[in-house]
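Q: Right, I'll just put the structure down here and ask away after.
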Amino acid sequence: MTSPTPMTREELLELAALDAFGQLDEYEAALYTRSFHHAPVAVQNEIKELQAAFAHEASLLPDVEPDPALRQRVLDAVARAIEAESMELAPLAMIGRPDRARNGTAGRMGLGAATPVWRAAAFALAAALLVVAYFAGQFLERNNQMTDYVIGLLTHDQIEEAIRPNFKDFLADPSCEMHVLQPSAEGIDAVAAVFVNERTGEAFFFALRLPVQSDPFVLRATDDSGELVSTWEFSRTSAVTGVRLGEISLALTTALTWEVVDATSTVLLHNA
Amino acid sequence: MSRQDWMLMHRVAAGDEEAIAQLYDRFSPLVYKVAWQFHPSQAEAEDAVQEIFVRLWQTADRFDPRRAKLVTWVMLIARRHLIDRLRRNSARPAMTPFEVDLTSTERSAGPDQKPQMEELNARLMKRIAELPELQRTVIERAYLQGYTLREVSEQLGAPLGTIKSALSRGLARLRERAAGDWAI
């Protein structure tokens with residue numbers, strides 16, 4: 001991937017409104033975001049203020065107010081959407097339940113709290129399966145054995161149900177970058193990788209042979225200043241573990257350190 | 001605030017009903033305004049607002065406070081959804097600031113809103129009408145009707161860079177003039 005010259009402050013300010021209104025094309029939007037993160041913090045703040053002012057500019061919008069009754073209708077609509085997604089993915093929810101559900105906080109967070117659980121679970125093994133298959137011969141020596149193992153875990157219908165039709169496109173996309181996580185100490189047999197599409201921010205995590213006794217795990221992303229950016233909790237589902245990380249911010253696709261830590265906060269794997 | 005906003009969106013992503021209600025209370029007035037701008041009828045605007053808040057729940061985990069303020073993110077998601085909605089319906093807003101049909105807005109707006117809307121539309125029309133022709137046309141098509149800049153570029157036969165510049169400068173000028181109005 002080539003890295004075009006970052007935009008200047010003037011260019012960033014010139015295009016700030018277009019960026020805020022989503023009027024930049026995909027390539028320019030990615031360049032804008034990259035340039036934004038290269039800019040000094042003062043310039044970043046200047047841009048954020050300017051964009052917020054544009055977004056909030058009431059004088060460009062009609063002077064109307066929502067009906068008070070709309071509030072409940074909107075909340076109901078969101079609740080229905082959450083429930084619909086939960087129901088759609090419920091059959092796969094038993095695969096690899098994350099820690100939050102086990103710790104009993106899901107109930108406190110309401111119906112929707114289970115959704116990310118199911119979403120992650122649904123994608124987990126399917127992602128692992130295809131990743132293993134796709135990178136056969138490129139990534140790990142013993143992956144054929146692992147592929148067979150994973151295939152044995154899922155029926156064809158489960159794969160069809162869980163996987164997105166364009167998942168192979170995700171892997172084949174030139175913007176898809178693989179960040180290999182290596183053991184941080186001798187005696188750790190596990191290996192893992194984070195796959196990030198640096199154009200869209202979509203990301204998957206995949207690991208082999210995480211130690212059973214160390215479950216549960218946390219995947220941590222920290223930026224180049226050492227600030228913890230995001231974490232994902234997951235459990236070892238089998239010898240192969242996969243987690244869909246969702247669409248992470250494009251700001252996080254570069255200059256990140258990825259680590260897998262175990263239940264005692266010991267770093268098992270890292271990409272540094 | 002950015003940390004709190006990140007936490008709020010984290011909870012929204014997890015389906016926390018209280019957080020979703022907070023998000024609604026904070027941004028629904030603004031989201032409703034922009035929905036009305038694209039769909040100037042109460043029923044259509046309300047449908048759009050519902051869809052936008054579902055979309056905000058779906059995308060909440062992508063909000064990055066280091067990249068933008070929450071209001072910018074919310075309005076970006078809202079505008080993108082409204083543009084997609086227009087494309088799905090194969091229709092553009094019938095009204096523009098230059099051809100506002102107040103009779104149709106009166107049907108949907110409450111009686112108390114009519115004079116305010118007329119005044120605001122008139123102010124907005126006046127401000128936009130005062131812009132240079134290219135800026136006026138680009139704002140009308142890209143900002144108010146949801147065409148992409150590339151589409152506007154093709155429609156007008158002008159280079160994309162010129163269109164971008166016209167939109168950016170036109171919006172900046174509108175803001176400056178609005179600030180002037182308030183100062184008066």
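Order determines the names: the first chain of the structure tokens is A, the second B, and so forth; residues in each chain are numbered 1 upward, and ligands are numbered 1 upward as they are shown.
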Can you check which residues of chain B have any atom within 6 Å of chain A? Use only C-alpha atoms and format it as an NGL selection string.
A: :B and (14-16 or 29 or 33 or 50 or 54 or 62 or 68 or 72 or 76 or 117)
Q: List the neighbours of Asp262 in chain A out to 12 Å using only C-alpha atoms; skip same-chain residues closer than 4 positions along the sequence, and give me the result as a ChimeraX atom specification.
A: /A:188,210-220,232-236,266-269
Q: Those residues with C-alpha atoms, as a PDB file, in the first residue's frame please?
A:
```
ATOM      1  CA  ILE A 188       3.607 -20.709  24.629  1.00  0.00           C
ATOM      2  CA  LEU A 210      -4.780 -20.829  23.142  1.00  0.00           C
ATOM      3  CA  PRO A 211      -4.079 -22.588  26.458  1.00  0.00           C
ATOM      4  CA  VAL A 212      -7.211 -24.000  28.059  1.00  0.00           C
ATOM      5  CA  GLN A 213      -6.095 -23.166  31.582  1.00  0.00           C
ATOM      6  CA  SER A 214      -5.697 -19.460  30.724  1.00  0.00           C
ATOM      7  CA  ASP A 215      -9.287 -18.886  29.625  1.00  0.00           C
ATOM      8  CA  PRO A 216     -10.862 -16.277  29.417  1.00  0.00           C
ATOM      9  CA  PHE A 217      -8.789 -13.955  27.271  1.00  0.00           C
ATOM     10  CA  VAL A 218      -8.710 -10.313  26.326  1.00  0.00           C
ATOM     11  CA  LEU A 219      -7.491  -8.917  23.047  1.00  0.00           C
ATOM     12  CA  ARG A 220      -6.096  -5.441  23.692  1.00  0.00           C
ATOM     13  CA  TRP A 232     -12.424  -7.488  23.330  1.00  0.00           C
ATOM     14  CA  GLU A 233     -13.131 -10.284  25.793  1.00  0.00           C
ATOM     15  CA  PHE A 234     -13.488 -13.763  24.445  1.00  0.00           C
ATOM     16  CA  SER A 235     -13.312 -17.384  25.417  1.00  0.00           C
ATOM     17  CA  ARG A 236     -11.432 -20.198  23.828  1.00  0.00           C
ATOM     18  CA  THR A 266      -0.263 -12.050  31.494  1.00  0.00           C
ATOM     19  CA  VAL A 267       0.560 -11.150  27.918  1.00  0.00           C
ATOM     20  CA  LEU A 268       0.555 -14.349  25.877  1.00  0.00           C
ATOM     21  CA  LEU A 269       0.783 -12.993  22.359  1.00  0.00           C
TER      22      LEU A 269
END
```
Q: Select, from B:Ala21, B:Ala35, B:Ala172, B:Ile163, the residue with the minimum atom-to-atom distance to Ala48 in chain B, counting only C-alpha atoms.
A: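 The answer is B:Ala35, which sits nearest to Ala48 in chain B.
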Q: Just the residues within 9 Å of range 152-162 of chain B, please, counting only C-alpha atoms, with nothing from its chain fewer than 3 positions along; format it as a PyMOL selection string.
A: chain B and resi 137-138+141-142+147-149+165-167
Q: Go ahead and write the residues just picked, C-alpha atoms, as a short mmCIF file (atom, residue, chain, number, x, y, z; two decimals), in the first residue's frame.
A:
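Saved to result.cif:
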```
data_model
loop_
_atom_site.label_atom_id
_atom_site.label_comp_id
_atom_site.auth_asym_id
_atom_site.auth_seq_id
_atom_site.Cartn_x
_atom_site.Cartn_y
_atom_site.Cartn_z
CA THR B 137 -26.33 25.24 -7.18
CA VAL B 138 -23.89 22.88 -5.50
CA ARG B 141 -27.95 19.64 -5.06
CA ALA B 142 -25.35 18.17 -2.71
CA TYR B 147 -26.49 14.09 -4.67
CA THR B 148 -22.86 13.06 -4.40
CA LEU B 149 -20.30 15.59 -5.43
CA SER B 165 -14.46 23.86 -3.30
CA ALA B 166 -17.80 25.48 -4.12
CA LEU B 167 -19.65 23.39 -1.53
#
```
